[in-house]
Amino acid sequence: MKNYKTIILSNQEISPGYYRMRLLTPGFSESARPGQFLMMRVQQSLPPLLRRPFGIFRTGFLPADCDGMPPKEYTEILYKVVGRGTNIMADLHRGDKVEVLGPLGRGFDVGDPGEEKILVGGGIGLVPLYMLAESLSARSKVRLLMGGRNRDDILAVTEFERLGVETYVSTDDGSLGEEGLVTQVLERKLDKFPSSSVYACGPMPMLDAVYRICHRRQVPLQVSLEALMACGVGACLGCVVKGAGHAEDNPRYLCTCKQGPVFRAEQLDWSRLGEEPGYCEGCKS
Amino acid sequence: MKNYKTIILSNQEISPGYYRMRLLTPGFSESARPGQFLMMRVQQSLPPLLRRPFGIFRTGFLPADCDGMPPKEYTEILYKVVGRGTNIMADLHRGDKVEVLGPLGRGFDVGDPGEEKILVGGGIGLVPLYMLAESLSARSKVRLLMGGRNRDDILAVTEFERLGVETYVSTDDGSLGEEGLVTQVLERKLDKFPSSSVYACGPMPMLDAVYRICHRRQVPLQVSLEALMACGVGACLGCVVKGAGHAEDNPRYLCTCKQGPVFRAEQLDWSRLGEEPGYCEGCKS
Amino acid sequence: MAVDIGGLTLKNPVMPASGTFGYGEEYAPFLDINRIGAVVTKGLSLKPKAGNPTPRIAETISGMLNAIGLQNVGVEDFIKFKLPFLRELTTPVIVNFFGNTLEEYGEVAARLSEIPEVAAVELNISCPNVKKGGIVFGTDPKAAHEAVSVVRRNLSKPLMVKLTPNVTDITVIARAVEEAGADSISCINTITGMAVDIKTRRPRLANRTGGLSGPAIRPVALRMVHQVVQAVKIPVIGVGGIVRPMDAIEFLIVGARAVQVGTANFVDPASMITIIEGIEQFLIEEGLKDIHQLIGSLEL
Amino acid sequence: MAVDIGGLTLKNPVMPASGTFGYGEEYAPFLDINRIGAVVTKGLSLKPKAGNPTPRIAETISGMLNAIGLQNVGVEDFIKFKLPFLRELTTPVIVNFFGNTLEEYGEVAARLSEIPEVAAVELNISCPNVKKGGIVFGTDPKAAHEAVSVVRRNLSKPLMVKLTPNVTDITVIARAVEEAGADSISCINTITGMAVDIKTRRPRLANRTGGLSGPAIRPVALRMVHQVVQAVKIPVIGVGGIVRPMDAIEFLIVGARAVQVGTANFVDPASMITIIEGIEQFLIEEGLKDIHQLIGSLEL
Ligand SMILES: Cc1cc2nc3c(=O)[nH]c(=O)nc-3n(C[C@H](O)[C@H](O)[C@H](O)COP(=O)(O)OP(=O)(O)OC[C@H]3O[C@@H](n4cnc5c(N)ncnc54)[C@H](O)[C@@H]3O)c2cc1C
Ligand SMILES: Cc1cc2nc3c(=O)[nH]c(=O)nc-3n(C[C@H](O)[C@H](O)[C@H](O)COP(=O)(O)OP(=O)(O)OC[C@H]3O[C@@H](n4cnc5c(N)ncnc54)[C@H](O)[C@@H]3O)c2cc1C
Ligand SMILES: Cc1cc2nc3c(=O)[nH]c(=O)nc-3n(C[C@H](O)[C@H](O)[C@H](O)COP(=O)(O)O)c2cc1C
Ligand SMILES: Cc1cc2nc3c(=O)[nH]c(=O)nc-3n(C[C@H](O)[C@H](O)[C@H](O)COP(=O)(O)O)c2cc1C
Ligand code: FES
Ligand code: FES
């Protein structure tokens with residue numbers, strides 16, 4: 001965990017409105033766990049005032065230079081352009097300076113080896129699942145159910161396949177893969193592999209539906225949430241989400257940045273999570 | 001007078017810390033008079049909030065394209081990088097969008113033909129004198145006394161020479177031209193050509209000294225002043241300067257943007273002008 | 001887009017904030033003034049006023065400080081030199097004014113009542129830059145009531161009263177002003193602020209402090225407009241940090257009947273036109289037939 | 001760089017603003033906490049407090065709104081879970097606290113007095129986000145006097161009192177607080193503001209309004225610190241929109257004995273270190289041997 005004052009190695013549009021940014025981050029990957037995130041300062045001058053949170057897509061090493069320099073460690077994020085900050089990011093180039101704080105938060109609990117694992121990604125919610133798939137796929141059968149509104153929202157699936165993950169794509173308009181909701185695919189897979197555990201990230205309505213499916217079938221579920229964040233480190237208490245047992249007269253708030261962003265489904269109060277304003281608007285829009 | 005939403009044709013460092021920017025401004029030069037200025041919005045996003053005022057250095061036409069398009073009219077400014085706004089400007093490139101409001105203010109009164117004219121420029125204060133020299137040099141003998149701290153502050157002198165203007169350069173450190181203050185040169189020239197009229201623009205202490213010299217010798221003087229400006233059009237009353245006869249109990253303020261930036265020396269209250277805070281700090285630093 | 005702001009109907013809810021649009025003519029070359037809802041003039045007093053020493057303005061982060069000190073030509077010169085331009089406009093003219101004493105408030109009001117071209121007046125009881133009078137009237141409910149009452153008695157035109165944000169509870173002042181006979185309330189004026197040049201160690205303004213305006217103050221202005229809308233029955237005009245159409249829309253949503261655009265005029269002289277067009281566009285996008293479906297439509 | 005802030009000497013005048021630095025440990029990975037003048041904790045109450053519903057934060061132009069609602073672990077859990085980390089620090093710990101009633105203020109003060117690791121306390125009579133109590137104490141001089149008196153009687157440590165900017169005249173509150181026995185005053189807390197999502201037409205904060213912080217409010221904070229410095233004899237700690245060294249220097253010049261850095265911690269967790277180094281650098285550049293030559297050196 002540290003503030004990396006670093007530079008961009010590349011920043012490319014990978015699908016309309018979606019970008020992939022690679023950052024130089026020596027020492028980052030040793031500590032980064034699947035499901036963690038970073039807080040990015042998109043430019044030195046203000047505004048925007050606050051940093052923006054992004055899931056860590058993956059980390060890696062550039063091959064060593066001919067001149068004998070050690071291999072360079074990098075971190076990749078995938079992001080969707082939704083507002084002021086991400087618009088500025090889309091204009092950045094190789095060599096531009098940025099600052100990232102991380103890795104932050106609690107990632108996924110990888111669970112027992114051998115168990116079947118189903119990963120459910122909705123649009124940009126795919127991001128934290130890649131490193132999870134990397135660490136799961138060595139020890140378990142992993143299936144990725146990837147959903148989006150249309151083909152543009154389906155990202156990086158071939159990279160999951162390269163890890164040996166079985167992938168199933170669905171889109172609302174049928175422009176890629178099966179036509180329909182990713183949750184319909186999930187129901188079918190759970191019919192077939194009822195003892196799987198599920199890991200999900202995506203828009204809140206999707207997570208809500210996934211929760212209801214898993215809850216009904218008593219399948220263990222971990223979700224990665226989004227929230228508006230100011231600090232990302234547990235200091236401001238701006239990013240809280242209602243924990244299980246929350247009530248007006250007995251409020252129980254959990255910090256998304258510090259106690260999350262990944263939660264076991266049982267930790268959360270699902271009663272109104274689906275309609276929580278301000279959550280995951282980036283994904284919804 | 002209008003708000004030109006236009007683009008930059010070129011933007012180059014012409015001396016350390018000084019830039020020359022050329023803007024596409026169809027229709028601008030018909031109305032631009034020597035000594036007028038424009039208000040530039042340095043970028044579409046805020047901050048900086050306010051526009052920045054810059055003297056009009058010159059206007060001109062690009063040669064007509066081969067494809068038969070009409071010649072393109074442009075406007076040039078010269079600026080010194082002193083703070084936030086000018087730093088942003090220095091980073092702009094050909095094709096970048098900017099907005100300029102102008103031409104604004106009252107320019108120089110060119111006076112009678114045949115009279116000897118002495119132009120006194122201090123550093124970036126040279127800017128409004130070029131178009132003045134253009135219009136004077138056809139009808140009068142024109143001398144430019146150009147002063148600066150060191151050689152870097154001496155700008156565009158050869159361009160004045162091309163107009164047939166006799167130029168005399170002085171620098172505080174003697175790194176270019178004569179060593180000494182431009183006001184010493186002025187005294188010598190006035191000894192020789194006592195019936196000249198003087199036009200000056202530069203740092204406030206310089207203008208103050210020029211005023212005292214001209215006042216003593218009863219030589220007509222016009223000065224171009226700087227002031228902090230918000231609107232540039234006479235609406236905010238932020239840019240005022242003390243007029244002749246100003247007193248605590250009988251305050252007389254003149255708008256630098258609308259009644260100036262060029263004033264006849266008699267219009268102003270010179271008693272404390274030299275120590276006016278906030279004036280021409282850009283030139284001083 | 002037409003709205004009624006207390007006895008005066010405007011063709012659209014966008015007008016300049018006093019002091020940022022001169023007497024109208026200064027901006028005539030840059031926009032079609034007849035397209036805006038109304039013109040609001042620089043604050044007038046009985047006698048001409050010279051204003052404060054310089055520097056009078058300072059840029060801050062996303063805002064600016066000003067201590068103009070209400071420099072103005074006075075009512076008589078206004079009539080002589082500024083009215084001829086305004087008379088030719090088809091859009092209504094709202095004259096902003098202030099006084100140093102209760103009597104002066106009354107006198108200016110009476111004089112303005114005689115001018116047919118003045119469609120309404122905006123009474124400034126809130127300028128932080130006048131040492132005498134000014135500040136007291138706007139921050140004390142009794143004084144505010146008194147000032148408004150005097151003006152009301154001397155005035156035969158719609159009366160808009162402009163409130164200062166530099167108070168503990170703006171609703172108390174708003175109610176006092178309503179009770180004293182205001183037809184509408186505009187808020188907010190600038191928030192008193194300060195900036196220092198660390199090199200010279202002097203205040204950036206000769207007057208030491210000045211009024212903060214611009215986008216920086218918008219959240220504070222919006223909160224106060226929201227409070228005032230709930231406290232009074234007369235129309236409220238929202239002012240403070242409006243730069244983009246969406247900023248104006250925020251104010252309309254919390255219940256402002258119209259908005260004033262101030263500092264933004266300096267940034268882009270055509271801002272008001274952009275804002276008018278942006279609101280029209282928004283109504284279409286949201287399927288709203290009438291601007292009144294937007295005004296006060298805040299979901300709680 | 002050492003300064004005395006009313007019975008407590010700090011090695012330098014830079015500390016975090018309450019609520020933006022958690023209980024210290026959250027930021028430990030990002031800066032050497034022992035280099036800052038003091039740690040100031042998130043506001044504590046007698047019992048744990050859950051805070052407001054979400055959304056609790058919204059970004060604004062050059063600022064942010066928050067309505068956390070003073071969520072905190074309560075005094076006892078603070079002692080049990082948060083103090084162990086703070087105990088290991090060599091830099092002094094200032095505990096910020098508040099109460100819902102006068103009795104609670106007294107009780108927390110008494111409890112904090114017993115903790116040797118607490119070097120001083122900061123009494124928050126100014127948070128705009130607590131409906132009960134809070135706001136009343138900070139905006140009324142009598143209530144402020146009473147609250148401070150109760151705390152004073154129960155406290156055996158240096159007492160800093162934090163003022164709200166949401167008042168007509170902050171000097172009245174400052175003097176009341178001084179008279180009641182405060183050792184120092186910190187100001188300002190956030191300015192109440194609001195923002196609306198024009199698409200959903202809902203307030204961006206579940207609490208509707210929240211406190212505005214960040215660079216946008218700096219000119220207002222600086223003005224108030226300037227006023228308070230002139231109104232009282234006890235040391236004043238400047239807070240509000242400090243991001244860069246030059247911002248802190250502005251506050252020192254108008255007379256702040258020390259400064260607190262709030263929202264800037266979110267932007268750059270090392271801001272306080274940068275600010276400390278920047279002030280040191282400035283003293284050298286300006287040829288000042290002692291920071292007291294800078295403090296209050298405003299030229300008028
Ligand atoms: C732990 C975490 C991980 C995330 N990972 C990714 C990722 O890998 N890729 C990606 O594209 N996005 C991710 N997001 C969302 C991303 O942070 C926001 O899309 C981004 O901050 C929007 O910034 P902006 O300035 O472009 O938008 P703004 O102009 O600030 O807002 C535009 C819209 O985005 C919404 N929004 C703003 N901030 C957030 C936020 N923190 N969370 C959710 N919605 C927000 C707003 O409500 C608004 O509707 C993540 C968010 C969190 C909390
Ligand atoms: C009528 C007029 C014509 C001008 N012509 C030119 C020109 O041709 N070339 C040129 O380089 N500069 C010119 N200036 C000065 C120029 O406007 C400022 O240097 C510029 O606005 C500084 O902007 P900034 O954001 O870089 O500096 P800031 O960060 O805003 O300030 C940096 C320093 O510049 C000073 N400054 C800021 N604004 C002004 C201003 N309006 N006038 C004087 N000093 C200011 C500040 O006091 C400060 O010391 C002119 C000013 C006026 C009023
Ligand atoms: C330079 C300047 C001069 C002003 N003069 C007046 C005035 O004469 N009378 C008045 O009521 N308000 C005056 N104001 C306040 C504005 O009308 C407005 O209330 C304030 O600027 C907030 O709006 P804004 O953020 O859109 O600028 C002035 C503001 C500025 C910036
Ligand atoms: C997220 C957040 C939480 C805050 N919590 C508290 C608090 O618990 N107690 C308090 O006295 N002030 C609290 N404040 C106010 C700050 O301490 C500070 O007074 C204010 O933010 C202005 O400073 P800044 O502009 O540097 O942020 C909080 C501010 C923020 C942004
Ligand atoms: S973002 Fe600040 S506590 Fe989570
Ligand atoms: S700059 Fe606004 S009146 Fe001159």
# chains A, B, ... in the order shown; residues from 1 in each chain; ligands from 1
>>> residues_near_ligand(ligand="ligand 4", cutoff="7 Å", atoms="only C-alpha atoms and all ligand atoms", output="PyMOL selection string")
(chain A and resi 236-238) or (chain D and resi 17-20+42-43+64+66+68+70+96+124+126-127+162+187-190+213-215+217-218+239-242+260-264)
>>> calpha_fit_rmsd(fixed="chain B", moving="chain A")
0.0 Å
>>> interface_residues(of="chain A", to="chain C", cutoff="12 Å", atoms="only C-alpha atoms", output="ChimeraX atom specification")
/A:45-49
>>> write_last_selection(atoms="N, CA and C atoms", output="compact mmCIF listing (two decimals), in the first residue's frame")
# COMPACT_ATOMS: atom_id res chain seq x y z
N SER A 45 -3.26 18.85 -11.63
CA SER A 45 -4.02 20.04 -11.28
C SER A 45 -5.45 19.66 -10.92
N LEU A 46 -6.07 20.49 -10.12
CA LEU A 46 -7.47 20.30 -9.75
C LEU A 46 -8.30 21.17 -10.68
N PRO A 47 -9.60 20.89 -10.86
CA PRO A 47 -10.33 19.67 -10.56
C PRO A 47 -10.04 18.58 -11.59
N PRO A 48 -10.52 17.37 -11.41
CA PRO A 48 -11.37 16.97 -10.30
C PRO A 48 -10.59 16.92 -8.99
N LEU A 49 -11.29 17.19 -7.92
CA LEU A 49 -10.65 17.24 -6.62
C LEU A 49 -10.30 15.84 -6.12
>>> interface_residues(of="chain C", to="chain D", cutoff="8 Å", atoms="only C-alpha atoms", output="PyMOL selection string")
chain C and resi 60-63+139+166-169+191-198+200-203+208-209+212+215-217+219-224+246+249-250+253+297-300
>>> write_last_selection(atoms="C-alpha atoms", output="CSV table (one decimal), in the first residue's frame")
chain,number,residue,atom,x,y,z
C,60,THR,CA,-9.6,32.3,-6.3
C,61,ILE,CA,-10.0,28.6,-6.9
C,62,SER,CA,-13.2,28.4,-9.0
C,63,GLY,CA,-14.3,31.8,-7.8
C,139,THR,CA,-28.1,40.5,8.5
C,166,ASN,CA,-23.5,35.9,5.5
C,167,VAL,CA,-26.1,35.0,8.1
C,168,THR,CA,-26.8,32.2,10.6
C,169,ASP,CA,-30.3,31.5,9.4
C,191,ILE,CA,-20.0,35.3,0.6
C,192,THR,CA,-17.4,37.4,2.4
C,193,GLY,CA,-13.9,36.1,1.8
C,194,MET,CA,-10.3,37.1,1.8
C,195,ALA,CA,-7.1,36.3,0.0
C,196,VAL,CA,-3.5,37.2,0.8
C,197,ASP,CA,-0.5,37.6,-1.4
C,198,ILE,CA,2.1,35.5,0.4
C,200,THR,CA,3.9,41.0,-0.2
C,201,ARG,CA,1.9,39.6,2.8
C,202,ARG,CA,-0.8,42.0,1.9
C,203,PRO,CA,-4.5,41.3,1.3
C,208,ARG,CA,-9.0,43.5,2.8
C,209,THR,CA,-12.1,41.4,2.4
C,212,LEU,CA,-16.8,35.5,-3.1
C,215,PRO,CA,-18.8,28.2,-9.1
C,216,ALA,CA,-17.1,27.7,-5.7
C,217,ILE,CA,-20.2,29.1,-3.9
C,219,PRO,CA,-23.5,24.5,-3.3
C,220,VAL,CA,-24.0,27.1,-0.6
C,221,ALA,CA,-26.3,29.2,-2.8
C,222,LEU,CA,-28.3,26.1,-3.7
C,223,ARG,CA,-28.7,25.1,-0.1
C,224,MET,CA,-29.9,28.6,0.8
C,246,MET,CA,-27.2,22.2,-15.5
C,249,ILE,CA,-31.5,23.5,-13.7
C,250,GLU,CA,-30.4,22.6,-10.1
C,253,ILE,CA,-35.4,21.9,-9.3
C,297,SER,CA,-39.7,19.2,-8.7
C,298,LEU,CA,-37.1,18.1,-6.2
C,299,GLU,CA,-37.7,14.5,-5.1
C,300,LEU,CA,-37.1,14.1,-1.4
>>> residues_near_ligand(ligand="ligand 1", cutoff="6 Å", atoms="only C-alpha atoms and all ligand atoms", output="list in words")
Phe37, Arg52, Pro53, Phe54, Gly55, Leu78, Tyr79, Lys80, Val81, Val82, Gly83, Arg84, Gly85, Thr86, Asn87, Ile124, Val127, Glu226, Ala227, Leu228, Met229, Pro261, Gly278, Tyr279, Cys280, Glu281 and Gly282 of chain A
>>> write_last_selection(atoms="C-alpha atoms", output="PDB file, in the first residue's frame")
ATOM      1  CA  PHE A  37      -8.594  -1.637  -6.123  1.00  0.00           C
ATOM      2  CA  ARG A  52     -11.329   7.900  -8.625  1.00  0.00           C
ATOM      3  CA  PRO A  53     -11.445   4.229  -7.573  1.00  0.00           C
ATOM      4  CA  PHE A  54     -10.696   1.490 -10.110  1.00  0.00           C
ATOM      5  CA  GLY A  55     -10.421  -2.254  -9.729  1.00  0.00           C
ATOM      6  CA  LEU A  78      -9.971  -1.208 -17.484  1.00  0.00           C
ATOM      7  CA  TYR A  79     -12.350   1.686 -17.295  1.00  0.00           C
ATOM      8  CA  LYS A  80     -15.520   2.985 -18.790  1.00  0.00           C
ATOM      9  CA  VAL A  81     -15.790   6.662 -19.649  1.00  0.00           C
ATOM     10  CA  VAL A  82     -18.752   8.001 -17.676  1.00  0.00           C
ATOM     11  CA  GLY A  83     -17.917  11.484 -16.398  1.00  0.00           C
ATOM     12  CA  ARG A  84     -15.370  14.180 -15.796  1.00  0.00           C
ATOM     13  CA  GLY A  85     -12.584  12.062 -14.353  1.00  0.00           C
ATOM     14  CA  THR A  86     -12.762   9.204 -16.810  1.00  0.00           C
ATOM     15  CA  ASN A  87     -12.985  11.671 -19.695  1.00  0.00           C
ATOM     16  CA  ILE A 124     -16.992  -3.205 -16.505  1.00  0.00           C
ATOM     17  CA  VAL A 127     -12.429  -6.099 -13.933  1.00  0.00           C
ATOM     18  CA  GLU A 226     -18.964   0.084  -5.826  1.00  0.00           C
ATOM     19  CA  ALA A 227     -19.553   3.200  -3.767  1.00  0.00           C
ATOM     20  CA  LEU A 228     -18.745   6.870  -3.945  1.00  0.00           C
ATOM     21  CA  MET A 229     -15.365   7.223  -2.278  1.00  0.00           C
ATOM     22  CA  PRO A 261     -15.114  -3.824  -1.790  1.00  0.00           C
ATOM     23  CA  GLY A 278     -25.403   6.718  -6.157  1.00  0.00           C
ATOM     24  CA  TYR A 279     -24.153   3.175  -6.400  1.00  0.00           C
ATOM     25  CA  CYS A 280     -22.717   1.920  -9.567  1.00  0.00           C
ATOM     26  CA  GLU A 281     -24.272   4.655 -11.647  1.00  0.00           C
ATOM     27  CA  GLY A 282     -21.146   4.438 -13.721  1.00  0.00           C
TER      28      GLY A 282
END
>>> residues_around(residues="Asp109 in chain A", least_positions_apart="4", cutoff="10 Å", atoms="only C-alpha atoms", output="ChimeraX atom specification")
/A:33-35,132,199,222,262-264
>>> write_last_selection(atoms="N, CA and C atoms", output="mmCIF file, in the first residue's frame")
data_model
loop_
_atom_site.group_PDB
_atom_site.id
_atom_site.type_symbol
_atom_site.label_atom_id
_atom_site.label_comp_id
_atom_site.auth_asym_id
_atom_site.auth_seq_id
_atom_site.Cartn_x
_atom_site.Cartn_y
_atom_site.Cartn_z
ATOM 1 N N ARG A 33 -3.905 -8.312 -4.293
ATOM 2 C CA ARG A 33 -4.713 -9.527 -4.222
ATOM 3 C C ARG A 33 -5.936 -9.371 -5.123
ATOM 4 N N PRO A 34 -6.464 -10.481 -5.631
ATOM 5 C CA PRO A 34 -7.650 -10.406 -6.499
ATOM 6 C C PRO A 34 -8.807 -9.687 -5.803
ATOM 7 N N GLY A 35 -9.381 -8.695 -6.497
ATOM 8 C CA GLY A 35 -10.521 -7.973 -5.924
ATOM 9 C C GLY A 35 -10.144 -6.651 -5.293
ATOM 10 N N LEU A 132 -8.783 -12.901 -9.983
ATOM 11 C CA LEU A 132 -9.433 -13.984 -9.257
ATOM 12 C C LEU A 132 -9.359 -15.269 -10.089
ATOM 13 N N TYR A 199 -18.902 -15.771 -7.525
ATOM 14 C CA TYR A 199 -18.227 -14.498 -7.304
ATOM 15 C C TYR A 199 -18.770 -13.520 -8.332
ATOM 16 N N GLN A 222 -19.842 -14.235 -3.143
ATOM 17 C CA GLN A 222 -19.076 -13.033 -2.790
ATOM 18 C C GLN A 222 -19.333 -11.988 -3.866
ATOM 19 N N VAL A 262 -14.998 -6.282 -1.602
ATOM 20 C CA VAL A 262 -15.607 -7.605 -1.715
ATOM 21 C C VAL A 262 -16.227 -7.979 -0.374
ATOM 22 N N PHE A 263 -17.488 -8.398 -0.426
ATOM 23 C CA PHE A 263 -18.172 -8.853 0.778
ATOM 24 C C PHE A 263 -18.758 -10.229 0.516
ATOM 25 N N ARG A 264 -18.794 -11.036 1.569
ATOM 26 C CA ARG A 264 -19.616 -12.232 1.481
ATOM 27 C C ARG A 264 -21.066 -11.766 1.557
#
>>> select_by_dssp(residues="range 34-212 of chain D", states="helix (DSSP H, G or I)", output="ChimeraX atom specification")
/D:34-35,74-87,102-113,134-139,141-154,170-179
>>> residues_around(residues="Leu31 in chain D", least_positions_apart="5", cutoff="8 Å", atoms="only C-alpha atoms", output="CSV table (one decimal) with N, CA and C atoms, in the first residue's frame")
chain,number,residue,atom,x,y,z
D,269,PRO,N,-2.3,11.8,0.2
D,269,PRO,CA,-2.1,11.5,1.6
D,269,PRO,C,-0.9,12.1,2.2
D,270,ALA,N,0.1,12.5,1.3
D,270,ALA,CA,1.3,13.1,1.9
D,270,ALA,C,1.2,14.6,1.9
D,273,ILE,N,2.9,16.5,4.7
D,273,ILE,CA,4.4,16.5,4.7
D,273,ILE,C,4.9,17.6,3.7
>>> select_by_dssp(residues="range 128-241 of chain B", states="strand (DSSP E or B)", output="ChimeraX atom specification")
/B:142-148,166-171,178-179,197-201,221-224,240-241
>>> write_last_selection(atoms="N, CA and C atoms", output="compact mmCIF listing (two decimals), in the first residue's frame")
# COMPACT_ATOMS: atom_id res chain seq x y z
N VAL B 142 9.79 57.70 -36.42
CA VAL B 142 9.47 56.94 -35.20
C VAL B 142 10.75 56.33 -34.62
N ARG B 143 10.95 56.54 -33.34
CA ARG B 143 12.06 55.90 -32.64
C ARG B 143 11.51 54.98 -31.55
N LEU B 144 12.06 53.78 -31.45
CA LEU B 144 11.65 52.86 -30.37
C LEU B 144 12.78 52.71 -29.38
N LEU B 145 12.48 53.02 -28.12
CA LEU B 145 13.46 52.77 -27.06
C LEU B 145 12.96 51.54 -26.33
N MET B 146 13.73 50.50 -26.41
CA MET B 146 13.27 49.22 -25.86
C MET B 146 14.18 48.81 -24.71
N GLY B 147 13.59 48.64 -23.52
CA GLY B 147 14.39 48.28 -22.36
C GLY B 147 13.99 46.96 -21.75
N GLY B 148 14.92 46.35 -21.05
CA GLY B 148 14.61 45.10 -20.36
C GLY B 148 15.65 44.85 -19.29
N GLU B 166 13.62 53.57 -36.00
CA GLU B 166 14.96 53.56 -35.42
C GLU B 166 14.88 52.95 -34.04
N THR B 167 15.65 51.91 -33.76
CA THR B 167 15.49 51.28 -32.45
C THR B 167 16.74 51.43 -31.59
N TYR B 168 16.53 51.59 -30.32
CA TYR B 168 17.61 51.73 -29.33
C TYR B 168 17.34 50.76 -28.20
N VAL B 169 18.23 49.81 -28.03
CA VAL B 169 18.01 48.79 -27.01
C VAL B 169 18.86 49.08 -25.79
N SER B 170 18.28 48.92 -24.62
CA SER B 170 19.07 49.02 -23.39
C SER B 170 18.64 47.91 -22.44
N THR B 171 19.61 47.39 -21.70
CA THR B 171 19.29 46.37 -20.70
C THR B 171 19.98 46.73 -19.38
N GLU B 178 22.73 48.95 -24.94
CA GLU B 178 23.38 49.80 -23.95
C GLU B 178 23.08 49.31 -22.54
N GLU B 179 24.02 49.44 -21.61
CA GLU B 179 23.74 49.09 -20.23
C GLU B 179 23.06 50.25 -19.54
N SER B 197 6.56 63.51 -29.41
CA SER B 197 5.59 63.01 -28.42
C SER B 197 5.94 61.56 -28.09
N VAL B 198 5.57 61.17 -26.87
CA VAL B 198 6.02 59.89 -26.33
C VAL B 198 4.84 58.97 -26.09
N TYR B 199 5.05 57.70 -26.41
CA TYR B 199 4.05 56.64 -26.17
C TYR B 199 4.77 55.54 -25.40
N ALA B 200 4.22 55.14 -24.26
CA ALA B 200 4.97 54.19 -23.45
C ALA B 200 4.09 53.06 -22.91
N CYS B 201 4.71 51.90 -22.78
CA CYS B 201 4.05 50.78 -22.12
C CYS B 201 5.13 49.92 -21.48
N LEU B 221 2.47 62.78 -23.56
CA LEU B 221 2.73 61.36 -23.26
C LEU B 221 1.42 60.57 -23.25
N GLN B 222 1.43 59.44 -23.88
CA GLN B 222 0.34 58.48 -23.73
C GLN B 222 0.92 57.19 -23.17
N VAL B 223 0.20 56.62 -22.21
CA VAL B 223 0.69 55.37 -21.62
C VAL B 223 -0.38 54.30 -21.75
N SER B 224 0.08 53.08 -21.88
CA SER B 224 -0.86 51.95 -21.86
C SER B 224 -0.67 51.23 -20.53
N VAL B 240 -10.32 49.58 -12.32
CA VAL B 240 -10.18 51.04 -12.34
C VAL B 240 -8.80 51.53 -11.91
N VAL B 241 -8.50 52.73 -12.35
CA VAL B 241 -7.25 53.39 -12.00
C VAL B 241 -7.64 54.81 -11.57
>>> closest_residue(among="B:Ile7, B:Ala244, B:Ile213, B:Leu50", to="ligand 3", atoms="only C-alpha atoms and all ligand atoms")
B:Leu50
>>> residues_near_ligand(ligand="ligand 5", cutoff="6 Å", atoms="only C-alpha atoms and all ligand atoms", output="ChimeraX atom specification")
/A:229-239,255-257
>>> closest_residue(among="D:Arg152, D:Leu205, D:Asn34, D:Pro55", to="Gly181 in chain D", atoms="only C-alpha atoms")
D:Arg152
>>> residues_around(residues="His145 in chain D", least_positions_apart="5", cutoff="7 Å", atoms="only C-alpha atoms", output="list in words")
Ala176, Val177 and Ala180 of chain D
>>> write_last_selection(atoms="N, CA and C atoms", output="PDB file, in the first residue's frame")
ATOM      1  N   ALA D 176     -17.271  34.409  22.998  1.00  0.00           N
ATOM      2  CA  ALA D 176     -18.021  33.649  24.008  1.00  0.00           C
ATOM      3  C   ALA D 176     -17.223  32.413  24.427  1.00  0.00           C
ATOM      4  N   VAL D 177     -16.642  31.778  23.442  1.00  0.00           N
ATOM      5  CA  VAL D 177     -15.897  30.548  23.659  1.00  0.00           C
ATOM      6  C   VAL D 177     -14.605  30.827  24.440  1.00  0.00           C
ATOM      7  N   ALA D 180     -15.447  31.446  28.012  1.00  0.00           N
ATOM      8  CA  ALA D 180     -15.851  30.228  28.711  1.00  0.00           C
ATOM      9  C   ALA D 180     -14.656  29.318  29.019  1.00  0.00           C
TER      10      ALA D 180
END
